[in-house]
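S.K.: Got my_file_19.txt for you, compact mmCIF, C-alpha atoms:
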# COMPACT_ATOMS: atom_id res chain seq x y z
CA MET J 388 114.08 -121.38 -61.36
CA ARG J 389 113.92 -124.74 -59.55
CA ALA J 390 114.12 -122.96 -56.20
CA TYR J 391 111.01 -120.89 -56.90
CA GLN J 392 108.85 -122.89 -59.29
CA ASP J 393 106.78 -124.58 -56.55
CA MET J 394 106.10 -121.24 -54.87
CA VAL J 395 105.06 -119.57 -58.15
CA PHE J 396 102.91 -122.52 -59.19
CA SER J 397 101.26 -122.74 -55.73
CA THR J 398 100.41 -119.03 -55.82
CA ALA J 399 98.76 -119.38 -59.23
CA VAL J 400 96.97 -122.67 -58.64
CA ARG J 401 95.46 -121.58 -55.32
CA LEU J 402 93.95 -118.55 -56.99
CA THR J 403 92.81 -120.20 -60.22
CA ALA J 404 92.00 -123.69 -58.87
CA ASN J 405 93.08 -124.85 -62.31
CA PRO J 406 96.50 -126.54 -62.71
CA ALA J 407 96.65 -126.04 -66.50
CA GLN J 408 96.00 -122.28 -66.21
CA ALA J 409 98.40 -122.10 -63.28
CA GLU J 410 101.14 -123.71 -65.37
CA ASP J 411 100.58 -121.20 -68.20
CA ILE J 412 100.75 -118.33 -65.71
CA SER J 413 103.89 -119.77 -64.06
CA GLN J 414 105.56 -119.99 -67.47
CA GLU J 415 104.76 -116.34 -68.14
CA VAL J 416 106.12 -115.35 -64.70
CA PHE J 417 109.46 -117.02 -65.40
CA LEU J 418 109.67 -115.54 -68.89
CA ARG J 419 109.21 -112.09 -67.37
CA ALA J 420 111.81 -112.92 -64.75
CA TYR J 421 114.20 -113.83 -67.54
CA GLU J 422 113.56 -110.43 -69.18
CA SER J 423 114.52 -108.78 -65.86
CA PHE J 424 117.32 -111.24 -65.20
CA GLU J 425 120.04 -108.60 -64.82
CA ASN J 426 118.13 -106.82 -62.05
CA LEU J 427 116.94 -109.96 -60.30
CA ARG J 428 120.18 -111.94 -60.38
CA THR J 429 121.69 -110.12 -57.43
CA SER J 430 118.46 -109.04 -55.72
CA PRO J 431 117.61 -110.61 -52.35
CA LYS J 432 113.93 -109.89 -53.06
CA VAL J 433 113.64 -112.19 -56.05
CA GLY J 434 111.15 -114.46 -54.22
CA GLY J 435 108.90 -111.52 -53.37
CA TRP J 436 109.15 -110.21 -56.94
CA LEU J 437 108.14 -113.59 -58.39
CA LYS J 438 105.23 -113.94 -55.95
CA THR J 439 103.94 -110.45 -56.72
CA VAL J 440 104.16 -111.01 -60.47
CA ALA J 441 102.47 -114.41 -60.13
CA THR J 442 99.62 -112.89 -58.07
CA ASN J 443 99.15 -109.96 -60.45
CA LEU J 444 99.20 -112.09 -63.60
CA THR J 445 96.73 -114.55 -62.08
CA LEU J 446 94.36 -111.80 -60.98
CA ASN J 447 94.58 -110.17 -64.40
CA HIS J 448 93.76 -113.51 -65.99
CA LEU J 449 90.80 -114.13 -63.66
CA THR J 450 89.45 -110.59 -63.85
CA ARG J 451 88.95 -110.98 -67.59
CA HIS J 452 86.49 -113.82 -66.99
CA ARG J 453 85.00 -112.54 -63.75
CA LYS J 454 82.83 -109.58 -64.70
CA ARG J 455 79.79 -111.61 -65.67
CA TRP J 456 79.35 -113.34 -62.29
CA ARG J 457 80.31 -110.40 -60.11
CA LEU J 458 76.99 -108.56 -60.35
CA PHE J 459 74.91 -111.61 -59.46
CA SER J 460 77.16 -112.76 -56.65
CA GLU J 461 76.61 -109.29 -55.14
CA ILE J 462 72.85 -109.79 -55.35
CA PHE J 463 72.77 -113.26 -53.83
CA SER J 464 75.30 -112.79 -51.01
CA GLU J 465 73.92 -113.40 -47.53
CA ASP J 466 75.26 -113.33 -44.00
CA SER J 467 76.43 -116.36 -42.02
CA ARG J 468 74.61 -117.51 -38.89
CA GLU J 469 76.38 -117.82 -35.56
CA ASP J 470 75.85 -121.60 -35.35
CA GLU J 471 77.40 -121.99 -38.83
CA LEU J 472 80.48 -120.13 -37.67
CA GLU J 473 80.76 -122.27 -34.53
CA SER J 474 80.48 -125.48 -36.56
CA ALA J 475 83.05 -124.20 -39.05
CA ALA J 476 85.49 -123.34 -36.26
CA ALA J 477 85.02 -126.84 -34.81
CA VAL J 478 85.82 -128.42 -38.18
CA PHE J 479 89.04 -126.39 -38.58
CA ASP J 480 89.97 -127.22 -34.99
CA THR J 481 89.60 -130.92 -35.83
CA VAL J 482 91.66 -130.45 -39.01
CA LEU J 483 94.48 -128.94 -36.97
CA THR J 484 94.45 -131.36 -34.07
CA GLU J 485 93.43 -134.71 -35.52
CA LEU J 486 94.68 -134.97 -39.10
CA GLU J 487 98.14 -136.01 -40.25
CA THR J 488 99.99 -133.39 -42.30
CA ASP J 489 99.67 -135.22 -45.63
CA GLU J 490 95.98 -135.95 -45.23
CA ARG J 491 95.27 -132.42 -44.03
CA SER J 492 97.20 -130.92 -46.93
CA ALA J 493 95.29 -132.95 -49.53
CA LEU J 494 91.86 -132.28 -48.00
CA VAL J 495 92.45 -128.55 -47.55
CA GLU J 496 93.75 -128.07 -51.11
CA GLN J 497 90.79 -130.05 -52.46
CA ALA J 498 88.29 -127.99 -50.45
CA LEU J 499 89.92 -124.73 -51.53
CA LYS J 500 89.78 -125.82 -55.15
CA ARG J 501 86.05 -126.51 -54.91
CA LEU J 502 85.11 -123.10 -53.51
CA PRO J 503 83.40 -120.73 -55.95
CA ASP J 504 85.72 -118.07 -57.40
CA HIS J 505 84.16 -115.16 -55.52
CA GLN J 506 84.92 -116.85 -52.18
CA ARG J 507 88.25 -118.54 -53.00
CA LEU J 508 89.93 -115.41 -54.44
CA PRO J 509 89.52 -113.11 -51.42
CA LEU J 510 90.14 -116.00 -49.01
CA VAL J 511 93.46 -116.89 -50.67
CA LEU J 512 94.52 -113.25 -50.97
CA TYR J 513 93.72 -112.66 -47.29
CA HIS J 514 95.24 -115.77 -45.75
CA TYR J 515 98.06 -116.71 -48.14
CA GLU J 516 99.08 -113.34 -49.58
CA GLU J 517 98.24 -111.49 -46.33
CA MET J 518 96.59 -108.64 -48.22
CA PRO J 519 94.40 -106.28 -46.13
CA TYR J 520 90.64 -106.27 -46.80
CA GLN J 521 90.77 -102.84 -48.47
CA ASP J 522 93.57 -103.88 -50.85
CA ILE J 523 91.61 -107.00 -51.83
CA ALA J 524 88.49 -104.90 -52.46
CA ASP J 525 90.48 -102.47 -54.61
CA ARG J 526 92.24 -105.23 -56.53
CA LEU J 527 89.03 -107.18 -57.23
CA GLY J 528 86.94 -104.06 -57.85
CA VAL J 529 84.28 -104.93 -55.27
CA SER J 530 83.08 -103.28 -52.07
CA LEU J 531 84.85 -103.73 -48.74
CA ALA J 532 81.67 -105.22 -47.25
CA LYS J 533 81.49 -107.81 -50.02
CA VAL J 534 85.10 -108.85 -49.48
CA LYS J 535 84.47 -109.38 -45.77
CA THR J 536 81.25 -111.31 -46.41
CA ASP J 537 82.84 -113.48 -49.11
CA ILE J 538 85.84 -114.33 -46.93
CA LEU J 539 83.58 -115.23 -44.01
CA ARG J 540 81.29 -117.32 -46.18
CA GLY J 541 84.32 -118.87 -47.87
CA ARG J 542 85.60 -120.08 -44.50
CA VAL J 543 82.20 -121.57 -43.65
CA ALA J 544 81.88 -123.17 -47.10
CA MET J 545 85.38 -124.59 -46.84
CA ALA J 546 84.54 -126.09 -43.44
CA GLY J 547 81.45 -127.62 -45.04
CA LEU J 548 83.55 -129.17 -47.80
CA LEU J 549 86.02 -130.54 -45.25
CA ALA J 550 83.13 -131.97 -43.21
CA GLN J 551 81.80 -133.62 -46.36
CA SER J 552 85.22 -135.21 -46.80
CA GLY J 553 84.83 -136.88 -43.42
CA VAL J 554 86.44 -134.35 -41.09
CA GLY J 555 84.67 -134.10 -37.71
CA ALA J 556 81.57 -135.84 -36.46
CA PRO J 557 78.48 -135.83 -38.73
CA SER J 558 76.54 -133.79 -36.15
CA ASP J 559 79.20 -131.09 -36.37
CA ARG J 560 78.67 -130.56 -40.06
CA PRO J 561 77.74 -126.96 -40.78
CA ARG J 562 74.93 -126.03 -43.09
CA LEU J 563 76.48 -125.11 -46.42
CA PRO J 564 75.74 -121.89 -48.19
CA PRO J 565 73.54 -122.37 -51.29
CA ASN J 566 76.20 -121.42 -53.84
CA THR J 567 78.51 -124.29 -52.88
CA ARG J 568 75.93 -127.02 -52.47
CA GLY J 569 76.24 -128.07 -56.08
CA ALA J 570 79.89 -128.96 -55.60
CA GLN J 571 79.29 -131.42 -52.80
CA SER J 572 77.68 -134.50 -54.26
CA MET K 1354 83.27 -107.92 -27.38
CA SER K 1355 80.19 -109.85 -28.57
CA SER K 1356 80.04 -113.61 -28.84
CA ARG K 1357 79.65 -113.29 -32.61
CA ASN K 1358 82.89 -111.32 -32.93
CA GLN K 1359 84.73 -113.83 -30.75
CA ILE K 1360 83.59 -116.69 -33.00
CA ASP K 1361 84.57 -114.68 -36.10
CA GLU K 1362 88.05 -114.12 -34.71
CA LYS K 1363 88.44 -117.73 -33.63
CA LEU K 1364 87.43 -118.95 -37.09
CA GLU K 1365 89.80 -116.49 -38.77
CA ARG K 1366 92.68 -117.60 -36.54
CA LEU K 1367 92.01 -121.30 -37.17
CA VAL K 1368 91.62 -120.93 -40.95
CA GLY K 1369 94.76 -118.77 -41.08
CA GLN K 1370 96.70 -121.40 -39.15
CA VAL K 1371 95.45 -124.27 -41.34
CA LEU K 1372 96.25 -122.43 -44.57
CA ARG K 1373 99.63 -121.12 -43.42
CA GLU K 1374 100.72 -124.65 -42.57
CA GLN K 1375 99.88 -125.91 -46.05
CA PRO K 1376 103.00 -127.02 -47.93
CA LEU K 1377 103.70 -125.63 -51.40
CA GLN K 1378 102.22 -127.58 -54.28
CA ARG K 1379 104.71 -129.21 -56.60
CA ALA K 1380 104.98 -127.53 -59.99
CA PRO K 1381 104.49 -129.91 -62.92
CA ASN K 1382 107.68 -131.46 -64.28
CA SER K 1383 106.84 -129.99 -67.68
CA LEU K 1384 107.07 -126.38 -66.43
CA GLU K 1385 110.83 -126.04 -66.56
CA ALA K 1386 111.01 -127.63 -70.02
CA ARG K 1387 108.26 -125.31 -71.26
CA VAL K 1388 110.01 -122.19 -69.98
CA LEU K 1389 113.38 -123.24 -71.42
CA GLY K 1390 111.74 -124.19 -74.72
CA GLU K 1391 110.03 -120.80 -74.97
CA LEU K 1392 113.28 -119.01 -74.16
CA ALA K 1393 115.08 -121.02 -76.84
CA ALA K 1394 112.33 -120.23 -79.36
CA ARG K 1395 112.61 -116.53 -78.53
CA ALA K 1396 116.41 -116.67 -78.84
CA ARG K 1397 116.03 -118.13 -82.34
CA LEU K 1398 113.95 -115.15 -83.50
CA PRO K 1399 115.83 -112.59 -85.66
CA TRP K 1400 116.57 -109.36 -83.79
CA TRP K 1401 113.95 -107.28 -85.64
CA ARG K 1402 111.16 -109.58 -84.40
CA ARG K 1403 112.09 -109.10 -80.74
CA GLY K 1404 111.37 -106.10 -78.50
CA ILE K 1405 113.12 -102.83 -79.40
CA ALA K 1406 114.88 -102.94 -76.01
CA THR K 1407 116.89 -105.95 -77.21
CA TRP K 1408 117.84 -104.51 -80.61
CA PRO K 1409 121.54 -103.78 -81.23
CA ALA K 1410 122.48 -100.25 -80.17
CA SER K 1411 123.69 -99.50 -83.71
CA VAL K 1412 120.08 -99.98 -84.91
CA ARG K 1413 118.13 -98.87 -81.87
CA ILE K 1414 119.63 -95.38 -81.55
CA PRO K 1415 119.04 -94.36 -85.22
CA VAL K 1416 115.47 -95.75 -85.03
CA ILE K 1417 114.69 -93.74 -81.89
CA ALA K 1418 116.28 -90.62 -83.39
CA GLY K 1419 114.30 -91.16 -86.61
CA CYS K 1420 111.05 -91.45 -84.63
CA ALA K 1421 111.88 -88.29 -82.69
CA VAL K 1422 112.33 -86.42 -85.98
CA CYS K 1423 109.25 -87.98 -87.56
CA VAL K 1424 106.76 -86.74 -84.95
CA PRO K 1425 107.23 -82.97 -85.57
CA LEU K 1426 107.72 -83.65 -89.27
CA VAL K 1427 104.37 -85.41 -89.57
CA TRP K 1428 102.71 -82.62 -87.57
CA ILE K 1429 104.10 -79.91 -89.86
CA LEU K 1430 103.26 -81.95 -92.95
CA SER K 1431 99.69 -82.46 -91.75
CA LEU K 1432 99.19 -78.72 -91.21
CA TRP K 1433 100.62 -77.96 -94.65
CA LEU K 1434 98.42 -80.63 -96.28
CA ALA K 1435 95.31 -79.39 -94.46
CA GLY K 1436 95.91 -75.84 -95.66
CA HIS K 1437 96.54 -77.06 -99.20
CA MET K 1438 93.42 -79.25 -99.25
CA VAL K 1439 91.10 -76.50 -98.04
CA THR K 1440 92.11 -74.50 -101.13
CA VAL K 1441 91.92 -77.43 -103.56
CA ALA K 1442 88.80 -79.00 -102.13
CA ALA K 1443 86.66 -75.86 -101.88
CA GLY K 1444 84.14 -77.38 -104.35
CA PRO K 1445 83.71 -80.76 -102.63
CA LEU K 1446 83.57 -78.98 -99.24
CA ALA K 1447 80.62 -76.95 -100.49
CA SER K 1448 78.86 -80.21 -101.36
CA LEU K 1449 79.61 -81.49 -97.87
CA ARG K 1450 78.06 -78.35 -96.39
CA ASP K 1451 74.93 -78.97 -98.48
CA ALA K 1452 74.80 -82.54 -97.21
CA ALA K 1453 75.11 -81.31 -93.63
CA ARG K 1454 72.26 -78.85 -94.20
CA ALA K 1455 70.11 -81.68 -95.61
CA ALA K 1456 70.89 -83.81 -92.55
CA THR K 1457 69.90 -80.92 -90.25
CA SER K 1458 66.60 -80.52 -92.09
CA PHE K 1459 65.93 -84.23 -91.71
CA GLY K 1460 66.61 -83.94 -87.99
CA THR K 1461 64.18 -81.05 -87.67
CA LEU K 1462 61.54 -83.04 -89.56
CA THR K 1463 62.04 -86.03 -87.23
CA ALA K 1464 61.70 -83.77 -84.18
CA HIS K 1465 58.40 -82.40 -85.56
CA ILE K 1466 57.07 -85.93 -86.09
CA ILE K 1467 58.00 -86.93 -82.52
CA GLN K 1468 56.33 -83.80 -81.16
CA SER K 1469 53.15 -84.66 -83.05
CA VAL K 1470 52.95 -88.08 -81.32
CA PRO K 1471 50.67 -87.88 -78.23
CA ARG K 1472 52.67 -87.56 -74.99
CA GLU K 1473 50.77 -90.53 -73.46
CA TRP K 1474 52.05 -92.79 -76.24
CA LEU K 1475 55.64 -91.74 -75.63
CA VAL K 1476 55.38 -92.20 -71.84
CA GLY K 1477 53.58 -95.52 -72.34
CA GLY K 1478 56.30 -96.69 -74.70
CA LEU K 1479 59.01 -95.74 -72.23
CA ILE K 1480 57.21 -97.56 -69.38
CA ALA K 1481 56.72 -100.66 -71.54
CA THR K 1482 60.41 -100.66 -72.50
CA ALA K 1483 61.50 -100.26 -68.88
CA THR K 1484 59.12 -103.05 -67.78
CA LEU K 1485 60.47 -105.41 -70.44
CA TYR K 1486 64.06 -104.65 -69.39
CA ALA K 1487 63.18 -105.26 -65.72
CA ALA K 1488 61.47 -108.58 -66.63
CA LEU K 1489 64.53 -109.61 -68.65
CA PHE K 1490 66.84 -108.73 -65.79
CA ALA K 1491 64.69 -110.70 -63.30
CA LEU K 1492 64.68 -113.68 -65.69
CA ILE K 1493 68.48 -113.62 -65.96
CA ALA K 1494 68.81 -113.29 -62.18
CA VAL K 1495 66.53 -116.28 -61.57
CA GLY K 1496 68.33 -118.27 -64.26
CA TYR K 1497 71.69 -117.42 -62.70
CA SER K 1498 70.57 -118.47 -59.20
CA LEU K 1499 69.31 -121.79 -60.58
CA LEU K 1500 72.17 -122.56 -62.96
CA TYR K 1501 75.23 -121.15 -61.16
CA PRO K 1502 75.64 -124.03 -58.62
CA ARG K 1503 75.42 -126.48 -61.51
CA ALA K 1504 78.17 -124.58 -63.35
CA GLN K 1505 80.35 -124.74 -60.23
CA TYR K 1506 79.71 -128.47 -59.99
CA SER K 1507 80.74 -129.03 -63.58
CA LYS K 1508 83.83 -126.83 -63.21
CA ALA K 1509 84.96 -128.59 -60.02
CA TYR K 1510 84.91 -131.94 -61.71
CA LEU K 1511 86.21 -130.90 -65.09
CA THR K 1512 89.32 -129.25 -63.69
If you took the structure in this file and wrote it as structure tokens, what would it be?
M.R.:
Amino acid sequence: MRAYQDMVFSTAVRLTANPAQAEDISQEVFLRAYESFENLRTSPKVGGWLKTVATNLTLNHLTRHRKRWRLFSEIFSEDSREDELESAAAVFDTVLTELETDERSALVEQALKRLPDHQRLPLVLYHYEEMPYQDIADRLGVSLAKVKTDILRGRVAMAGLLAQSGVGAPSDRPRLPPNTRGAQS
Amino acid sequence: MSSRNQIDEKLERLVGQVLREQPLQRAPNSLEARVLGELAARARLPWWRRGIATWPASVRIPVIAGCAVCVPLVWILSLWLAGHMVTVAAGPLASLRDAARAATSFGTLTAHIIQSVPREWLVGGLIATATLYAALFALIAVGYSLLYPRAQYSKAYLT
């Protein structure tokens, strides 16, 4: 369990952005693993199994509370401008080239945590879990176009949050999308 | 390839690289103790309060066999009971038929009343209802757009 607990917890906390919920989900993952102990003990795919169960349990947990905002987030979604994308790319470039690993890690996790659910979920599934767009759309029960828009806007919003944390020059700061502005001050 | 697509791809590559290089987050120290505690609590439960898959074979097999016998038995018993009750309950069934007839008459009466209402009133009522629903929906949408960022703000700082 010690070998995998950080991986399971990271998977859950990046999706939920809530350490308490992530701990509950991690506990459930390991209890299920214990139930399948005989099969898993000799399996070389135990890490993959735990990650899949952690992702599925987290998504099930979030889906229960997600239906009420889904409709309105569809209505208010909008496209990103080219200059926003350029500024966002510049911020991530700075993060990669200028920040020390520890500082970068803390800032990125903090920014990810502050993204709204409808942007963080597809972003994490795409970049961490390496799920294709269509699989994310099917899993979250939204359209393919919405997944693509939310991921794109999530990247821009995350760059905005990183810029607010002091990454990059002030003139490089991208304009933040309206649905994340409340989390900045 | 357009400039927009190039920027999209660059941003995707950079974000992917930043996120992939993130180290795993440390699980709380309490997690292991919680899991072990829950396993111990489950181990203390008597066998009949755990899942049937963990029951002793000497109990599980007779229970499964009993269930397999019960299903057709209940089906046959239900058919026999239904046939028996139709004979016994002929009187009450007649009363039920009368009640159904009365309900049908009431429905017919209601339909006549609705037909006697001018068509303009009905259409007007439908339009008014639809308008009120649309206004309510617009109100909720405006409320959501105003309040949702605030909810995100609260959530980000509470968690």
S.K.: Distance atom CA of Asp411 of chain J-atom CA of Thr442 of chain J, one decimal place?
M.R.: 13.1 Å
S.K.: In Å to one decimal, how far is atom CA of Arg451 of chain J from atom CA of Ala1488 of chain K?
M.R.: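 Those two atoms sit 27.6 Å apart.
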S.K.: May I ask which of the residues J:Leu548, J:Ala399, J:His505, J:Asp393 is the closest one to Thr536 of chain J, counting all atoms listed in the file?
M.R.: J:His505
S.K.: Tell me, in Å to one decimal, how far atom CA of Ala550 of chain J is from atom CA of Leu494 of chain J.
M.R.: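 Interatomic distance here is 10.0 Å.
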S.K.: Can you pull out every residue within 6 Å of segment 1360-1376 of chain K, counting only C-alpha atoms, but drop anything in the same chain fewer than 4 positions away, and send it as a PyMOL selection string?
M.R.: chain J and resi 476+492+514
S.K.: Using all atoms listed in the file, which residues sit within 12 Å of Val440 of chain J once same-chain residues fewer than 3 positions away are excluded, as JSON, numbers by chain?
M.R.: {"J": [394, 395, 396, 398, 399, 412, 413, 414, 415, 416, 417, 418, 419, 420, 423, 433, 434, 435, 436, 437, 443, 444, 445, 446, 447]}
S.K.: Select, from J:Asp504, J:Arg491, J:Glu469, J:Thr439, the residue with the minimum atom-to-atom distance to Met518 of chain J, counting only C-alpha atoms.
M.R.: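 Closest to Met518 of chain J, using only C-alpha atoms: J:Thr439.
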S.K.: Here is a test: counting only C-alpha atoms, which residue of J:Arg501, J:Arg468, J:Lys438, J:Arg428 is nearest to chain K?
M.R.: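 Smallest separation from chain K among the options: J:Arg501.
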S.K.: Given all atoms listed in the file as the basis, pick out the residue of J:Thr429, J:Val534, J:Tyr391, J:Leu549 nearest to Glu496 of chain J.
M.R.: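 Ranked by minimum distance to Glu496 of chain J, first place goes to J:Leu549.
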S.K.: Within 12 Å of (82.4, -120.0, -37.9), in the coordinates the file gives, what residues turn up when you count only C-alpha atoms, written out as a VMD selection string?
M.R.: (chain J and resid 466 to 480 538 to 547 559 to 563) or (chain K and resid 1356 to 1368)
